[in-house]
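Colleague: I'd like to ask you about the structure that follows.
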Amino acid sequence: MKRKFGVDISYSVAWRGRECAYDNLRLGTPEQSYKLLPGYLHMLMDTNPGINNAVQEVFPQAFHGICMYHLLNNLKTKFRNKTKELEQHYIRTAKTYNLQDFHVLFYTLSSAVPGVKEYLEAVGLHRWTRSHAPSRRYNIMTTNISESLNAVLVKVRELPITTLVNEIRLLCQKWFHERRTKAAGCTTMMSKDVEMKLEGRKDRAQAMGVICADQYTFDVVDGDRNYCVDMALWTCTCRKFQLDQLPCDHVLAVVRKTPYEAYDLCSLYYTREFWHETYRGVINPIPHISSWTTPQQISEFELQPPDVRTVAGRRRKRRLPSMGEELPTPKCSRCKERGHNRATCQNPIALHPTDEAGCSGSNLPTHQPIHPSDQHSTPQL
């Protein structure tokens with residue numbers, strides 16, 4: 001402040017001025033924002049009445065699993081000397097569909113990492129494996145979606161609570177419109193990702209043999225293994241057909257030899273119509289606070305922010321890493337080495353780069369030798 005504006009003030013005064021300016025930019029203090037939150041939530045439910053019904057219908061029956069990636073990090077921390085074996089066997093064990101394959105892979109993992117069997121069984125096999133989950137996990141094996149949302153909200157998290165909730169509503173409003181427009185432009189029977197997945201499975205199914213047992217039962221030969229497909233029950237012994245609700249390689253091999261249609265065997269949730277129906281609802285905007293109409297009991301209700309002690313120093317902006325999570329190391333822009341940044345770099349830097357022979361100034365222009373006949377020549381003007 002003194003160098004730039006010529007004002008000599010103490011650090012505490014400068015900090016209080018900064019916080020006052022932040023409050024003005026944020027349109028209020030945290031206390032004022034929490035006081036507005038009940039009225040804002042009432043208007044949110046009033047303008048979007050379907051939210052309350054969705055929460056009551058969906059979330060009580062939702063299955064809560066464990067992120068495969070975070071559990072792996074916990075295992076790496078607990079079994080530090082077996083990191084390579086964990087990475088080699090754990091992912092395959094968690095992702096497998098077939099129960100018999102799971103037992104084989106789980107035995108291999110337990111043999112390679114002593115003690116991990118008891119640890120994972122205590123966690124609960126149904127919480128981290130696809131094969132034992134009580135409901136279909138499809139491809140949701142991690143919490144990447146929440147990590148992506150945290151990255152989008154990294155800046156607005158510093159705003160007051162009501163402003164933060166409104167920013168989340170605006171993001172959802174924007175995303176719903178974009179996805180609704182994208183779904184309306186789809187011209188295939190299934191969504192684009194499902195169409196690509198089916199094409200890949202059809203290519204692999206061409207190399208499989210199909211032996212018919214009766215009208216609905218088929219034996220599919222896939223390399224050195226056989227799989228039983230029951231078209232009446234919509235099942236395959238690999239269990240991909242049941243758990244993903246999408247024809248697996250073996251079912252598509254049967255489709256290639258029979259009058260069945262692949263699209264008829266896909267779940268309706270993969271179709272273009274359901275994709276568009278998912279984002280058919282519109283997230284309505286909320287009017288300005290001056291036009292809010294809230295009941296008296298909500299207007300008189302005062303919600304206070306959490307009673308937390310403000311610690312000294314600069315506030316943390318990055319989240320705390322999970323146990324076992326490996327964060328990327330910084331790279332110095334001065335010496336190009338990792339482990340520090342330019343401000344803390346203490347490595348000496350050569351004035352001129354050296355060539356392979358060790359001679360400095362290899363990048364400097366070199367003088368060509370002068371031919372004897374040219375020593376007394378007159379320069380051309």
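The chains in the structure tokens are called A, B, ... from first to last as shown; in each chain the residues are counted from 1, and the ligands are counted from 1 in the order shown.
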So which residues touch Pro287 of chain A within 12 Å, counting only C-alpha atoms, skipping near sequence neighbours fewer than 3 positions away, as a PyMOL selection string?
Modeller: chain A and resi 39-40+43-44+46-47+166+284+290-293
Colleague: Can you tell me which residues surround segment 194-196 of chain A at a distance of at most 10 Å, considering only C-alpha atoms, apart from same-chain residues fewer than 2 positions away, and format the answer as a VMD selection string?
Modeller: chain A and resid 188 to 192 198 to 202 246 263 266 270 to 271
Colleague: Kindly export the residues of the current selection with N, CA and C atoms, as a tab-separated table (two decimals), in the first residue's frame.
Modeller:
```tsv
chain	number	residue	atom	x	y	z
A	188	THR	N	-29.81	-41.41	-33.91
A	188	THR	CA	-29.69	-42.86	-33.81
A	188	THR	C	-30.68	-43.41	-32.79
A	189	MET	N	-30.85	-44.72	-32.80
A	189	MET	CA	-31.78	-45.36	-31.87
A	189	MET	C	-31.32	-45.20	-30.43
A	190	MET	N	-30.02	-45.35	-30.20
A	190	MET	CA	-29.44	-45.23	-28.86
A	190	MET	C	-28.58	-43.98	-28.80
A	191	SER	N	-28.13	-43.66	-27.61
A	191	SER	CA	-27.23	-42.53	-27.46
A	191	SER	C	-25.90	-42.83	-28.16
A	192	LYS	N	-25.12	-41.79	-28.40
A	192	LYS	CA	-23.89	-41.95	-29.18
A	192	LYS	C	-22.92	-42.90	-28.50
A	198	LEU	N	-21.77	-50.73	-28.67
A	198	LEU	CA	-22.35	-51.87	-29.37
A	198	LEU	C	-21.54	-52.25	-30.60
A	199	GLU	N	-21.04	-51.26	-31.34
A	199	GLU	CA	-20.23	-51.55	-32.51
A	199	GLU	C	-18.96	-52.30	-32.14
A	200	GLY	N	-18.31	-51.89	-31.04
A	200	GLY	CA	-17.12	-52.59	-30.60
A	200	GLY	C	-17.41	-54.02	-30.18
A	201	ARG	N	-18.52	-54.24	-29.51
A	201	ARG	CA	-18.88	-55.59	-29.10
A	201	ARG	C	-19.27	-56.46	-30.29
A	202	LYS	N	-19.90	-55.88	-31.29
A	202	LYS	CA	-20.25	-56.65	-32.50
A	202	LYS	C	-19.01	-57.13	-33.22
A	246	LEU	N	-27.40	-54.28	-21.21
A	246	LEU	CA	-26.94	-54.02	-22.57
A	246	LEU	C	-26.35	-55.31	-23.12
A	263	TYR	N	-31.06	-53.98	-30.79
A	263	TYR	CA	-31.73	-52.85	-30.14
A	263	TYR	C	-32.87	-53.30	-29.23
A	266	CYS	N	-31.69	-54.05	-25.61
A	266	CYS	CA	-31.14	-52.97	-24.80
A	266	CYS	C	-32.21	-52.41	-23.87
A	270	TYR	N	-31.34	-46.59	-22.32
A	270	TYR	CA	-30.27	-46.23	-23.25
A	270	TYR	C	-30.81	-45.58	-24.52
A	271	THR	N	-32.11	-45.57	-24.71
A	271	THR	CA	-32.67	-45.08	-25.96
A	271	THR	C	-32.63	-43.57	-26.04
```
Colleague: Quick one: pick out all strand (DSSP E) residues within segment 153-310 of chain A from a backbone DSSP run and write them as a list in words.
Modeller: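 DSSP on the backbone gives strand (DSSP E) at Gly209, Val210, Ile211, Cys212, Thr217, Phe218, Asp219, Val220, Val221, Asp222, Arg225, Asn226, Tyr227, Cys228, Val229, Asp230, Thr235 and Cys236 of chain A.
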Colleague: Can you work out which one of A:Val104, A:Ala207, A:Val282, A:Thr344 has the shortest atom-to-atom distance to Arg92 of chain A, counting only C-alpha atoms?
Modeller: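 Checking each of A:Val104, A:Ala207, A:Val282, A:Thr344 against Arg92 of chain A, counting only C-alpha atoms, the winner is A:Val104.
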Colleague: Excluding Lys2 of chain A and residues on its chain fewer than 5 positions from it, collect all residues at most 12 Å away from it, counting only C-alpha atoms, and give them as a list in words.
Modeller: Val7, Asp8, Ile9, Ser10, Tyr11 and Ala14 of chain A
Colleague: Which residues are close to Leu252 of chain A, i.e. within 9 Å by only C-alpha atoms, leaving aside same-chain residues fewer than 4 positions away? Reply as an MDAnalysis selection string.
Modeller: chainID A and resid 198 201:202 205:206 247:248 256:257 261:262
Colleague: Please save all heavy atoms of the selected residues as a PDB file, in the first residue's frame.
Modeller:
```pdb
ATOM      1  N   LEU A 198     -21.766 -50.732 -28.671  1.00  0.00           N
ATOM      2  CA  LEU A 198     -22.352 -51.869 -29.369  1.00  0.00           C
ATOM      3  C   LEU A 198     -21.539 -52.246 -30.604  1.00  0.00           C
ATOM      4  O   LEU A 198     -21.369 -53.436 -30.908  1.00  0.00           O
ATOM      5  CB  LEU A 198     -23.795 -51.551 -29.765  1.00  0.00           C
ATOM      6  CG  LEU A 198     -24.833 -51.523 -28.644  1.00  0.00           C
ATOM      7  CD1 LEU A 198     -26.190 -51.107 -29.191  1.00  0.00           C
ATOM      8  CD2 LEU A 198     -24.938 -52.868 -27.951  1.00  0.00           C
ATOM      9  N   ARG A 201     -18.523 -54.243 -29.514  1.00  0.00           N
ATOM     10  CA  ARG A 201     -18.880 -55.594 -29.096  1.00  0.00           C
ATOM     11  C   ARG A 201     -19.267 -56.465 -30.285  1.00  0.00           C
ATOM     12  O   ARG A 201     -18.991 -57.668 -30.302  1.00  0.00           O
ATOM     13  CB  ARG A 201     -20.020 -55.539 -28.084  1.00  0.00           C
ATOM     14  CG  ARG A 201     -19.613 -54.907 -26.757  1.00  0.00           C
ATOM     15  CD  ARG A 201     -20.746 -54.907 -25.746  1.00  0.00           C
ATOM     16  NE  ARG A 201     -20.309 -54.338 -24.479  1.00  0.00           N
ATOM     17  CZ  ARG A 201     -21.063 -54.243 -23.371  1.00  0.00           C
ATOM     18  NH1 ARG A 201     -22.320 -54.700 -23.411  1.00  0.00           N
ATOM     19  NH2 ARG A 201     -20.595 -53.724 -22.272  1.00  0.00           N
ATOM     20  N   LYS A 202     -19.903 -55.881 -31.294  1.00  0.00           N
ATOM     21  CA  LYS A 202     -20.249 -56.648 -32.501  1.00  0.00           C
ATOM     22  C   LYS A 202     -19.007 -57.126 -33.222  1.00  0.00           C
ATOM     23  O   LYS A 202     -18.971 -58.254 -33.746  1.00  0.00           O
ATOM     24  CB  LYS A 202     -21.106 -55.797 -33.431  1.00  0.00           C
ATOM     25  CG  LYS A 202     -22.523 -55.561 -32.947  1.00  0.00           C
ATOM     26  CD  LYS A 202     -23.296 -54.679 -33.919  1.00  0.00           C
ATOM     27  CE  LYS A 202     -24.714 -54.426 -33.431  1.00  0.00           C
ATOM     28  NZ  LYS A 202     -25.464 -53.528 -34.361  1.00  0.00           N
ATOM     29  N   ALA A 205     -17.672 -60.076 -31.368  1.00  0.00           N
ATOM     30  CA  ALA A 205     -18.568 -61.234 -31.430  1.00  0.00           C
ATOM     31  C   ALA A 205     -18.409 -62.026 -32.713  1.00  0.00           C
ATOM     32  O   ALA A 205     -18.805 -63.207 -32.771  1.00  0.00           O
ATOM     33  CB  ALA A 205     -20.017 -60.767 -31.284  1.00  0.00           C
ATOM     34  N   GLN A 206     -17.838 -61.450 -33.750  1.00  0.00           N
ATOM     35  CA  GLN A 206     -17.710 -62.154 -35.028  1.00  0.00           C
ATOM     36  C   GLN A 206     -16.771 -63.350 -34.944  1.00  0.00           C
ATOM     37  O   GLN A 206     -16.883 -64.289 -35.740  1.00  0.00           O
ATOM     38  CB  GLN A 206     -17.227 -61.184 -36.104  1.00  0.00           C
ATOM     39  CG  GLN A 206     -18.238 -60.114 -36.469  1.00  0.00           C
ATOM     40  CD  GLN A 206     -17.735 -59.191 -37.563  1.00  0.00           C
ATOM     41  OE1 GLN A 206     -16.616 -59.346 -38.048  1.00  0.00           O
ATOM     42  NE2 GLN A 206     -18.561 -58.234 -37.951  1.00  0.00           N
ATOM     43  N   PRO A 247     -26.626 -55.692 -24.358  1.00  0.00           N
ATOM     44  CA  PRO A 247     -26.107 -56.958 -24.882  1.00  0.00           C
ATOM     45  C   PRO A 247     -24.592 -57.037 -24.797  1.00  0.00           C
ATOM     46  O   PRO A 247     -23.882 -56.113 -25.214  1.00  0.00           O
ATOM     47  CB  PRO A 247     -26.594 -56.965 -26.340  1.00  0.00           C
ATOM     48  CG  PRO A 247     -27.770 -56.052 -26.358  1.00  0.00           C
ATOM     49  CD  PRO A 247     -27.491 -54.998 -25.340  1.00  0.00           C
ATOM     50  N   CYS A 248     -24.107 -58.144 -24.233  1.00  0.00           N
ATOM     51  CA  CYS A 248     -22.670 -58.364 -24.145  1.00  0.00           C
ATOM     52  C   CYS A 248     -22.171 -58.970 -25.456  1.00  0.00           C
ATOM     53  O   CYS A 248     -22.937 -59.191 -26.403  1.00  0.00           O
ATOM     54  CB  CYS A 248     -22.350 -59.277 -22.966  1.00  0.00           C
ATOM     55  SG  CYS A 248     -23.120 -60.915 -23.093  1.00  0.00           S
ATOM     56  N   ARG A 256     -26.188 -62.452 -34.124  1.00  0.00           N
ATOM     57  CA  ARG A 256     -25.636 -62.577 -35.480  1.00  0.00           C
ATOM     58  C   ARG A 256     -26.126 -63.846 -36.170  1.00  0.00           C
ATOM     59  O   ARG A 256     -26.210 -63.889 -37.407  1.00  0.00           O
ATOM     60  CB  ARG A 256     -24.100 -62.569 -35.388  1.00  0.00           C
ATOM     61  CG  ARG A 256     -23.385 -62.520 -36.707  1.00  0.00           C
ATOM     62  CD  ARG A 256     -21.909 -62.219 -36.482  1.00  0.00           C
ATOM     63  NE  ARG A 256     -21.304 -63.133 -35.534  1.00  0.00           N
ATOM     64  CZ  ARG A 256     -20.768 -64.312 -35.835  1.00  0.00           C
ATOM     65  NH1 ARG A 256     -20.772 -64.725 -37.102  1.00  0.00           N
ATOM     66  NH2 ARG A 256     -20.228 -65.078 -34.924  1.00  0.00           N
ATOM     67  N   LYS A 257     -26.480 -64.873 -35.385  1.00  0.00           N
ATOM     68  CA  LYS A 257     -26.887 -66.159 -35.951  1.00  0.00           C
ATOM     69  C   LYS A 257     -28.403 -66.383 -35.902  1.00  0.00           C
ATOM     70  O   LYS A 257     -28.885 -67.398 -36.403  1.00  0.00           O
ATOM     71  CB  LYS A 257     -26.203 -67.302 -35.180  1.00  0.00           C
ATOM     72  CG  LYS A 257     -24.685 -67.297 -35.252  1.00  0.00           C
ATOM     73  CD  LYS A 257     -24.189 -67.694 -36.636  1.00  0.00           C
ATOM     74  CE  LYS A 257     -22.666 -67.828 -36.638  1.00  0.00           C
ATOM     75  NZ  LYS A 257     -22.163 -68.299 -37.950  1.00  0.00           N
ATOM     76  N   GLU A 261     -32.959 -58.916 -32.679  1.00  0.00           N
ATOM     77  CA  GLU A 261     -32.414 -57.590 -32.959  1.00  0.00           C
ATOM     78  C   GLU A 261     -31.680 -57.063 -31.732  1.00  0.00           C
ATOM     79  O   GLU A 261     -32.179 -57.168 -30.608  1.00  0.00           O
ATOM     80  CB  GLU A 261     -33.535 -56.625 -33.358  1.00  0.00           C
ATOM     81  CG  GLU A 261     -34.154 -56.902 -34.700  1.00  0.00           C
ATOM     82  CD  GLU A 261     -33.193 -56.595 -35.848  1.00  0.00           C
ATOM     83  OE1 GLU A 261     -32.242 -55.810 -35.630  1.00  0.00           O
ATOM     84  OE2 GLU A 261     -33.392 -57.141 -36.946  1.00  0.00           O
ATOM     85  N   ALA A 262     -30.507 -56.491 -31.932  1.00  0.00           N
ATOM     86  CA  ALA A 262     -29.703 -56.009 -30.805  1.00  0.00           C
ATOM     87  C   ALA A 262     -30.403 -54.875 -30.062  1.00  0.00           C
ATOM     88  O   ALA A 262     -30.366 -54.810 -28.826  1.00  0.00           O
ATOM     89  CB  ALA A 262     -28.335 -55.551 -31.304  1.00  0.00           C
TER      90      ALA A 262
END
```
Colleague: Skipping near chain neighbours, those fewer than 2 positions away, what residues fall within 12 Å of segment 225-229 of chain A using only C-alpha atoms, listed as number ranges by chain?
Modeller: A: 98, 208-223, 231-242, 247-255
Colleague: Between atom CA of Arg309 of chain A and atom CA of Lys35 of chain A, what is the spacing in Å?
Modeller: 19.8 Å
Colleague: Quick one: residues within 12 Å of Ile140 of chain A, only C-alpha atoms counted, chain neighbours fewer than 5 positions away excluded, as a list in words?
Modeller: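 In the requested form, the answer reads Phe63, His64, Gly65, Ile66, Cys67, Met68, Tyr69, Ala94, Lys95, Trp128, Thr129, Arg130, Ala133, Ser135, Ile145, Ser146, Leu243 and Asp244 of chain A.
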Colleague: Ranking A:Pro134, A:Arg280, A:Met45, A:Gly124 by minimum distance to Thr294 of chain A and counting only C-alpha atoms, which one comes first?
Modeller: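 Of A:Pro134, A:Arg280, A:Met45, A:Gly124, the one nearest Thr294 of chain A, counting only C-alpha atoms, is A:Met45.
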Colleague: Determine, counting only C-alpha atoms, which protein, DNA and RNA residues have an atom within 9 Å of an atom of Phe106 of chain A; residues of the same chain fewer than 4 positions away are not included. Present the result as a ChimeraX atom specification.
Modeller: /A:89-90,93-94,101-102,110-111,117
Colleague: Pick the closest to Asn150 of chain A from A:His103, A:Ile168, A:Arg80, A:Ser267: which is it, counting only C-alpha atoms?
Modeller: A:Ile168
Colleague: Got a sec to tell me which of segment 11-183 of chain A DSSP assigns to helix (DSSP H, G or I), as a PyMOL selection string?
Modeller: chain A and resi 11-25+30-47+50-61+68-78+80-95+99-112+116-123+125-128+144-152+156-158+161-183
